[in-house]
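This report refers to the structure that appears directly beneath it.
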Amino acid sequence: MIQEFTITAFSENQIGLLNRITNLFTRRHLNIESLTVGESAIKGVHKFTIVVRATREQVEKVTKQIEKLVEVLKAFYLAEDEVIHQEIALYKVRTESLTQSNRFEAIMREHNARILELTPKYTVIEKTGHKEDTQKLFQELDQFGVLQFTRSGRIAVTRSNYEYLTAYLKEIEKFNEQNS
Amino acid sequence: MKKSENQTTLTITGAEAVVKSLLEEGVKDIFGYPGGSIMPVYDALYDYHDQLHHILVRHEQGAIHAAQAYARVTGKAGVCIVTSGPGSTNLTTGLADAMMDSTPVVCISGQVAAGLLGTDAFQETDIIGISMPVTKWNTQVTKAEDIPAAIAKAFYIARSGRPGPVLVDITKNAQFGKLEFSYKPCTFIRSYRPFIEPDISAINQAADLINNAKKPYVLFGQGVILANAEEEFKKFIEKGDIPAAWTLLGLSALPTNHPLNVGMLGMHGNYGPNLLTNECDVLIAVGMRFDDRVTGDVSRFAKQAKVIHMEIDPAEINKNVKADVAIPGSVKDTLPLLTERIKQGNHTEWIRQFRDLYKIEYEKVISKVLHPESKGITMPEVIHLLAEKTEGDAILVTDVGQHQMMGARYFRFNKTRSLVTSGGLGTMGFGLPAGLGAKIGSPDRTVITIVGDGGFQMTMQEMGTIFQTGAAVKIVLMNNNFLGMVRQWQELFFDKRYASTELINPDFIKLSEGFRIPAARVSERSKLSEAIDTMLAHQGPYLLEVMVEKEGNVFPMVPAGAAVSEIMLEPKKS
């Protein structure tokens with residue numbers, strides 16, 4: 001059964017690693033729905049959050065291949081119900097068209113969105129939520145004419161208490177002490 | 001003239017650091033081809049030619065195949081060195097081959113100066129990008145002071161865990177730059193864990209399955225050889241009294257005449273090993289990855305059996321065949337732990353089933369090709385004679401195709417690391433340069449390279465290298481004037497429509513003589529034995545062209561997509 005999975009990988013900061021990771025999807029003909037990369041809480045350790053629609057078996061195999069990469073510290077995959085995730089979206093709308101409408105306040109309240117910048121020419125609105133939520137707001141705002149729209153990739157935390165990476169780093173340090 | 005004479009300081013160029021780093025890693029032989037972006041390193045090599053033996057190949061693909069074979073026979077990492085652009089792109093087939101067959105190879109490529117990166121400079125290629133999917137690891141070095149650490153890391157990664165090819169791309173400015181040289185071998189990378197602690201509870205579970213098995217069956221692969229675990233493996237199967245069959249790359253890990261060696265798995269493997277895969281009750285896979293050429297239709301592969309998978313690469317576990325018990329780790333560590341937990345086995349009846357099926361295969365297939373009634377020489381006859389005359393002590397190198405399967409089926413092996421072949425990638429053109437690499441790596445052993453008339457012509461320029469080095473490679477060219485394996489498929493599955501498989505060949509004898517390598521042609525059975533004797537007795541390299549029957553086939557055969565138990569001993573009557 002094809003479903004949505006979030007793959008999280010922690011890695012060293014190395015040129016080309018992103019390529020190596022995306023190659024693993026390309027060669028299996030898997031499409032990446034969303035991809036977010038940035039430094040994790042641990043300095044020098046980068047975190048990849050990859051959303052993919054595939055079977056559990058496919059995701060399990062590709063995750064193992066990611067973890068096999070020399071510079072990857074740890075990779076794991078989680079099903080939809082195992083993560084709490086968010087995306088952020090920015091909307092740029094003509095201010096004039098907003099002020100002419102009496103629906104604007106209601107839309108902002110309903111969607112729990114906020115205004116980042118307001119100028120006589122345009123207004124920049126921000127919303128965080130799941131993709132469906134940010135998409136819904138896009139449709140509402142589009143009646144005023146959205147000048148620009150952009151959505152980030154997913155970020156996610158796990159529902160479990162276990163902090164995968166910290167435990168793992170401790171484990172390898174111990175291993176290194178024993179073996180060197 | 002020696003440039004660095006009387007040098008007291010340790011400040012050296014990046015180029016010299018490359019050479020010194022290789023020496024620190026214990027490298028003795030390297031295969032390569034010079035060019036613009038690697039010239040500083042070649043200039044440094046000039047001063048070290050007495051310590052580092054450089055073999056000038058005729059094409060970079062030849063360099064890497066030779067380095068692969070060198071690695072396979074010695075157990076050390078093979079090294080090759082090339083220039084930027086075409087020099088490095090010519091490596092890619094060999095990188096892909098080494099990646100598939102887990103061969104430790106360290107490739108050093110020159111690159112344009114860092115300031116020119118991304119400008120489409122002369123002979124600039126993004127070899128980091130190109131080689132990414134076909135290397136275990138690669139890196140680009142743009143500063144002289146980073147060279148020793150990059151090379152140390154490269155060797156560590158290439159050799160440890162599941163071995164593989166690595167590439168270090170060094171920009172020209174880094175080769176010219178200066179550094180304070182000191183070398184520290186790499187022994188640890190935080191994000192890379194090649195050692196896996198044996199999982200004792202899994203091993204106990206496996207022992208339990210084996211101790212209660214009526215028909216246990218071992219499939220072994222190159223993992224046994226790569227881990228240097230041949231002795232541990234033998235002890236395991238002997239204590240368990242378990243019949244063992246090999247994958248193509250596992251061949252020679254267990255001597256051919258070992259009583260528990262029941263033969264080859266897979267598409268052109270032996271009858272019993274394939275058939276009984278679907279009859280055993282416990283299947284123990286040791287250092288192998290269930291390639292589709294081994295499993296046939298994987299949905300009908302050993303479904304009745306409990307599967308124990310011992311494998312160093314965790315990504316291979318449950319990839320193709322689900323394991324009931326997974327034992328990740330080096331078989332060098334895990335096999336002894338399993339052996340001490342199993343009971344002395346006795347499976348005489350079960351092993352007899354393999355012997356009985358071998359008798360059928362012998363009658364229907366083997367005796368017919370070894371003692372043919374037809375006039376034409378068969379490939380198995382040639383291989384069989386080569387095996388007899390070298391008494392199982394030679395290294396056999398093959399190219400890809402029918403002769404390769406025949407080599408695996410009919411040669412004999414007493415020693416490990418004695419078969420060098422392109423398994424996973426099936427690279428035609430591998431055989432000749434690999435023969436050279438095997439001989440350089442193992443100068444005291446007889447090295448026989450068998451090639452077909454197709455594959456030989458893909459890399460035959462390496463005849464020049466063989467002559468120049470004097471490497472005594474015995475080249476047996478089995479000529480059927482066809483791309484034999486493809487022709488066999490056309491015969492069996494494409495209504496004998498021989499599309500583009502017939503070869504009108506050059507005169508291979510004159511060709512060989514043109515390369516100054518003595519050669520002979522034999523087309524009559526009565527002269528074959530003597531011709532082989534002459535070849536083996538010759539001091540240097542030698543080419544023997546054997547005219548074999550044009551339309552010989554390799555049987556048995558598991559047709560693509562069929563189950564292993566559907567193995568055919570002869571073509572279906574249509």
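A note on labels: chains of the structure tokens are A, B, ... as shown, every chain counts residues from 1, and ligands are counted from 1 in their shown order.
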**OP:** Looking only at alpha helix (DSSP H) from DSSP on the backbone, list the matching residues of stretch 5-170 of chain A as a PyMOL selection string.
**Re:** chain A and resi 17-26+56-68+95-99+104-111+131-142+164-170
**OP:** Find the residues around B:Met39 up to 12 Å (only C-alpha atoms counted), leave out those fewer than 4 positions away in its own chain, and share them as a PyMOL selection string.
**Re:** chain B and resi 14-16+32-35+43-46+81-84+109-112+170-173+175-176
**OP:** Could you please select, counting only C-alpha atoms, the residues of chain B within 8 Å of chain A and state them as a VMD selection string?
**Re:** chain B and resid 129 132 to 133 136 to 137 188 190 to 192 314 to 315 319
Go ahead and write the residues just picked, C-alpha atoms, as a PDB file, in the first residue's frame.
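Final output, result_27.pdb:
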```
ATOM      1  CA  GLY B 129      28.836  14.076  -9.644  1.00  0.00           C
ATOM      2  CA  MET B 132      28.588   9.384  -7.052  1.00  0.00           C
ATOM      3  CA  PRO B 133      26.203   6.497  -7.720  1.00  0.00           C
ATOM      4  CA  LYS B 136      31.199   3.878  -2.016  1.00  0.00           C
ATOM      5  CA  TRP B 137      32.615   7.326  -1.299  1.00  0.00           C
ATOM      6  CA  PHE B 188      37.547   5.885  12.639  1.00  0.00           C
ATOM      7  CA  ARG B 190      32.059   9.053  13.291  1.00  0.00           C
ATOM      8  CA  SER B 191      29.281   8.548  10.766  1.00  0.00           C
ATOM      9  CA  TYR B 192      30.606   5.268   9.401  1.00  0.00           C
ATOM     10  CA  PRO B 314      22.650  -4.389   6.713  1.00  0.00           C
ATOM     11  CA  ALA B 315      21.057  -2.894   3.581  1.00  0.00           C
ATOM     12  CA  LYS B 319      16.356  -6.532   0.291  1.00  0.00           C
TER      13      LYS B 319
END
```
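With only C-alpha atoms taken into account, the protein and nucleic acid residues at most 10 Å from A:Glu117 (excluding it and anything under 4 positions from it in its own chain) are Lys92, Tyr122, Thr123, Val124, Ile125 and Glu126 of chain A.
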**OP:** Run DSSP on the backbone of this structure and report the residues of stretch 284-422 of chain B it assigns to strand (DSSP E or B), as a ChimeraX atom specification.
**Re:** /B:284-286,296,306-311,325-328,377,395-398,419-420
Subject >> Shell of 10 Å around A:Val59, only C-alpha atoms, local chain residues under 6 positions omitted, as a PyMOL selection string >> reply: chain A and resi 2-7+25+30+52-53+65+76-79
Selection file, N, CA and C atoms, as an mmCIF file, in the first residue's frame:
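Final file, again-v7.cif:
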```cif
data_model
loop_
_atom_site.group_PDB
_atom_site.id
_atom_site.type_symbol
_atom_site.label_atom_id
_atom_site.label_comp_id
_atom_site.auth_asym_id
_atom_site.auth_seq_id
_atom_site.Cartn_x
_atom_site.Cartn_y
_atom_site.Cartn_z
ATOM 1 N N ILE A 2 0.571 2.136 -0.904
ATOM 2 C CA ILE A 2 1.350 3.373 -0.971
ATOM 3 C C ILE A 2 0.818 4.363 0.053
ATOM 4 N N GLN A 3 1.683 4.882 0.882
ATOM 5 C CA GLN A 3 1.282 5.900 1.849
ATOM 6 C C GLN A 3 2.407 6.908 2.034
ATOM 7 N N GLU A 4 2.125 7.921 2.835
ATOM 8 C CA GLU A 4 3.123 8.968 3.015
ATOM 9 C C GLU A 4 4.047 8.623 4.185
ATOM 10 N N PHE A 5 5.331 8.780 3.957
ATOM 11 C CA PHE A 5 6.317 8.559 5.021
ATOM 12 C C PHE A 5 7.231 9.778 5.141
ATOM 13 N N THR A 6 7.701 9.988 6.347
ATOM 14 C CA THR A 6 8.706 11.023 6.572
ATOM 15 C C THR A 6 10.019 10.316 6.911
ATOM 16 N N ILE A 7 11.021 10.555 6.093
ATOM 17 C CA ILE A 7 12.347 9.982 6.366
ATOM 18 C C ILE A 7 13.204 11.080 6.972
ATOM 19 N N PHE A 25 16.836 7.909 -4.383
ATOM 20 C CA PHE A 25 15.422 7.954 -4.752
ATOM 21 C C PHE A 25 15.278 7.849 -6.270
ATOM 22 N N LEU A 30 11.530 6.855 -7.345
ATOM 23 C CA LEU A 30 10.671 7.399 -6.294
ATOM 24 C C LEU A 30 10.728 8.917 -6.357
ATOM 25 N N VAL A 52 8.003 11.278 1.286
ATOM 26 C CA VAL A 52 7.912 10.442 0.102
ATOM 27 C C VAL A 52 6.649 9.605 0.172
ATOM 28 N N ARG A 53 6.025 9.390 -0.971
ATOM 29 C CA ARG A 53 4.873 8.486 -1.020
ATOM 30 C C ARG A 53 5.331 7.179 -1.652
ATOM 31 N N GLN A 65 19.558 2.270 2.667
ATOM 32 C CA GLN A 65 20.597 2.726 1.737
ATOM 33 C C GLN A 65 21.116 4.103 2.146
ATOM 34 N N PHE A 76 16.073 7.194 9.702
ATOM 35 C CA PHE A 76 14.904 6.375 10.051
ATOM 36 C C PHE A 76 13.683 6.923 9.338
ATOM 37 N N TYR A 77 12.642 6.109 9.301
ATOM 38 C CA TYR A 77 11.433 6.547 8.596
ATOM 39 C C TYR A 77 10.247 6.411 9.526
ATOM 40 N N LEU A 78 9.277 7.287 9.327
ATOM 41 C CA LEU A 78 8.108 7.272 10.187
ATOM 42 C C LEU A 78 6.852 7.422 9.341
ATOM 43 N N ALA A 79 5.823 6.705 9.748
ATOM 44 C CA ALA A 79 4.551 6.822 9.045
ATOM 45 C C ALA A 79 3.854 8.096 9.516
#
```
**OP:** Fewer than 2 positions away in the same chain doesn't count, so skip those; otherwise give me all residues within 8 Å of A:Val45, counting only C-alpha atoms, as an MDAnalysis selection string.
**Re:** chainID A and resid 10:13 39:43 47
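Counting only C-alpha atoms and comparing A:Val83, A:Ser34, A:Phe104, A:Ala75, the residue that lies closest to A:Ala156 is A:Val83.
We find atom CA of B:Glu549 and atom CA of B:Gln488 to be spaced 12.6 Å apart.
Our summary of the geometry notes that atom CA of B:Glu25 is positioned 13.8 Å from atom CA of B:Ser160.
Counting only C-alpha atoms and comparing A:Ser160, A:Thr8, A:Gln143, A:Thr55, the residue that lies closest to A:Leu35 is A:Thr8.
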**OP:** Determine, counting only C-alpha atoms, which protein, DNA and RNA residues have an atom within 7 Å of an atom of stretch 65-71 of chain B; residues of the same chain fewer than 5 positions away are not included. Present the result as a PyMOL selection string.
**Re:** chain B and resi 31+76-80+94+98+103-105+420+430+433-434+436-438+440-441
Surrounding residues of stretch 384-393 of chain B excluding itself and chain neighbours under 3 positions, 10 Å, only C-alpha atoms, as a JSON list (two decimals) with N, CA and C atoms, in the first residue's frame:
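That gives us part.json:
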```
[["chain", "number", "residue", "atom", "x", "y", "z"],
["B", 252, "SER", "N", 35.71, -20.55, -5.27],
["B", 252, "SER", "CA", 37.10, -20.74, -4.81],
["B", 252, "SER", "C", 37.26, -20.48, -3.31],
["B", 255, "PRO", "N", 37.41, -25.32, -1.56],
["B", 255, "PRO", "CA", 38.00, -26.08, -2.66],
["B", 255, "PRO", "C", 36.93, -26.89, -3.42],
["B", 256, "THR", "N", 37.14, -27.01, -4.72],
["B", 256, "THR", "CA", 36.18, -27.72, -5.57],
["B", 256, "THR", "C", 35.95, -29.15, -5.07],
["B", 257, "ASN", "N", 37.03, -29.78, -4.60],
["B", 257, "ASN", "CA", 36.89, -31.20, -4.24],
["B", 257, "ASN", "C", 36.45, -31.42, -2.79],
["B", 370, "LEU", "N", 31.84, -32.61, -22.29],
["B", 370, "LEU", "CA", 33.24, -32.97, -22.06],
["B", 370, "LEU", "C", 33.71, -34.05, -23.04],
["B", 379, "MET", "N", 33.64, -25.42, -25.33],
["B", 379, "MET", "CA", 34.31, -24.62, -24.30],
["B", 379, "MET", "C", 34.62, -25.46, -23.05],
["B", 380, "PRO", "N", 33.67, -26.28, -22.57],
["B", 380, "PRO", "CA", 33.98, -27.08, -21.38],
["B", 380, "PRO", "C", 35.19, -27.98, -21.55],
["B", 381, "GLU", "N", 35.39, -28.52, -22.75],
["B", 381, "GLU", "CA", 36.58, -29.34, -22.98],
["B", 381, "GLU", "C", 37.85, -28.54, -22.70],
["B", 396, "LEU", "N", 42.02, -18.25, -12.35],
["B", 396, "LEU", "CA", 41.24, -18.14, -13.57],
["B", 396, "LEU", "C", 40.60, -16.76, -13.62],
["B", 406, "MET", "N", 31.05, -21.25, -18.38],
["B", 406, "MET", "CA", 31.74, -22.54, -18.54],
["B", 406, "MET", "C", 32.97, -22.59, -17.63],
["B", 407, "GLY", "N", 33.66, -21.47, -17.53],
["B", 407, "GLY", "CA", 34.83, -21.40, -16.65],
["B", 407, "GLY", "C", 34.43, -21.70, -15.21],
["B", 409, "ARG", "N", 31.82, -23.28, -14.20],
["B", 409, "ARG", "CA", 31.29, -24.63, -14.06],
["B", 409, "ARG", "C", 32.39, -25.71, -14.12],
["B", 410, "TYR", "N", 33.39, -25.50, -14.96],
["B", 410, "TYR", "CA", 34.29, -26.62, -15.25],
["B", 410, "TYR", "C", 35.73, -26.45, -14.78],
["B", 411, "PHE", "N", 36.09, -25.28, -14.26],
["B", 411, "PHE", "CA", 37.46, -25.15, -13.76],
["B", 411, "PHE", "C", 37.52, -25.77, -12.36],
["B", 412, "ARG", "N", 38.70, -25.97, -11.84],
["B", 412, "ARG", "CA", 38.84, -26.51, -10.48],
["B", 412, "ARG", "C", 39.68, -25.58, -9.64],
["B", 413, "PHE", "N", 39.34, -25.47, -8.40],
["B", 413, "PHE", "CA", 40.04, -24.54, -7.51],
["B", 413, "PHE", "C", 40.47, -25.23, -6.22],
["B", 414, "ASN", "N", 41.74, -25.10, -5.91],
["B", 414, "ASN", "CA", 42.23, -25.58, -4.60],
["B", 414, "ASN", "C", 42.36, -24.44, -3.61],
["B", 415, "LYS", "N", 42.58, -23.25, -4.15],
["B", 415, "LYS", "CA", 42.91, -22.11, -3.28],
["B", 415, "LYS", "C", 41.87, -21.01, -3.41],
["B", 416, "THR", "N", 41.73, -20.24, -2.37],
["B", 416, "THR", "CA", 40.81, -19.11, -2.40],
["B", 416, "THR", "C", 41.39, -17.98, -3.25],
["B", 418, "SER", "N", 40.93, -17.26, -6.30],
["B", 418, "SER", "CA", 41.48, -17.79, -7.54],
["B", 418, "SER", "C", 40.57, -17.59, -8.74],
["B", 445, "ARG", "N", 51.89, -17.11, -9.39],
["B", 445, "ARG", "CA", 50.89, -18.11, -9.77],
["B", 445, "ARG", "C", 50.61, -18.03, -11.27],
["B", 446, "THR", "N", 50.18, -19.16, -11.81],
["B", 446, "THR", "CA", 49.76, -19.19, -13.20],
["B", 446, "THR", "C", 48.44, -18.43, -13.31],
["B", 447, "VAL", "N", 48.39, -17.49, -14.22],
["B", 447, "VAL", "CA", 47.14, -16.75, -14.43],
["B", 447, "VAL", "C", 46.64, -17.03, -15.84],
["B", 448, "ILE", "N", 45.45, -17.60, -15.90],
["B", 448, "ILE", "CA", 44.84, -17.87, -17.20],
["B", 448, "ILE", "C", 43.64, -16.96, -17.36],
["B", 476, "VAL", "N", 43.45, -17.29, -23.21],
["B", 476, "VAL", "CA", 42.78, -18.31, -24.02],
["B", 476, "VAL", "C", 41.54, -17.67, -24.62],
["B", 528, "LEU", "N", 44.52, -29.98, -29.26],
["B", 528, "LEU", "CA", 44.21, -29.03, -28.19],
["B", 528, "LEU", "C", 45.15, -29.17, -26.98],
["B", 529, "SER", "N", 45.32, -30.42, -26.55],
["B", 529, "SER", "CA", 46.12, -30.66, -25.35],
["B", 529, "SER", "C", 47.55, -30.15, -25.52],
["B", 532, "ILE", "N", 47.77, -26.38, -25.44],
["B", 532, "ILE", "CA", 47.70, -25.84, -24.07],
["B", 532, "ILE", "C", 49.04, -26.03, -23.36],
["B", 533, "ASP", "N", 49.64, -27.19, -23.56],
["B", 533, "ASP", "CA", 50.96, -27.43, -22.96],
["B", 533, "ASP", "C", 51.97, -26.39, -23.41],
["B", 536, "LEU", "N", 51.28, -23.09, -21.67],
["B", 536, "LEU", "CA", 51.64, -23.06, -20.25],
["B", 536, "LEU", "C", 53.15, -23.11, -20.05]]
```
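Counting from atom CA of A:His130, the distance to atom CA of A:Arg154 is 8.5 Å.
Minimum atom-to-atom distance to A:Thr99, evaluated using only C-alpha atoms, belongs to A:Thr119 out of A:Ser152, A:Thr128, A:Thr119, A:Thr166.
Compared by their closest atoms to B:Gln222, and using only C-alpha atoms, the residues B:Leu251, B:Leu209, B:Ile360, B:Val321 rank with B:Leu251 nearest.
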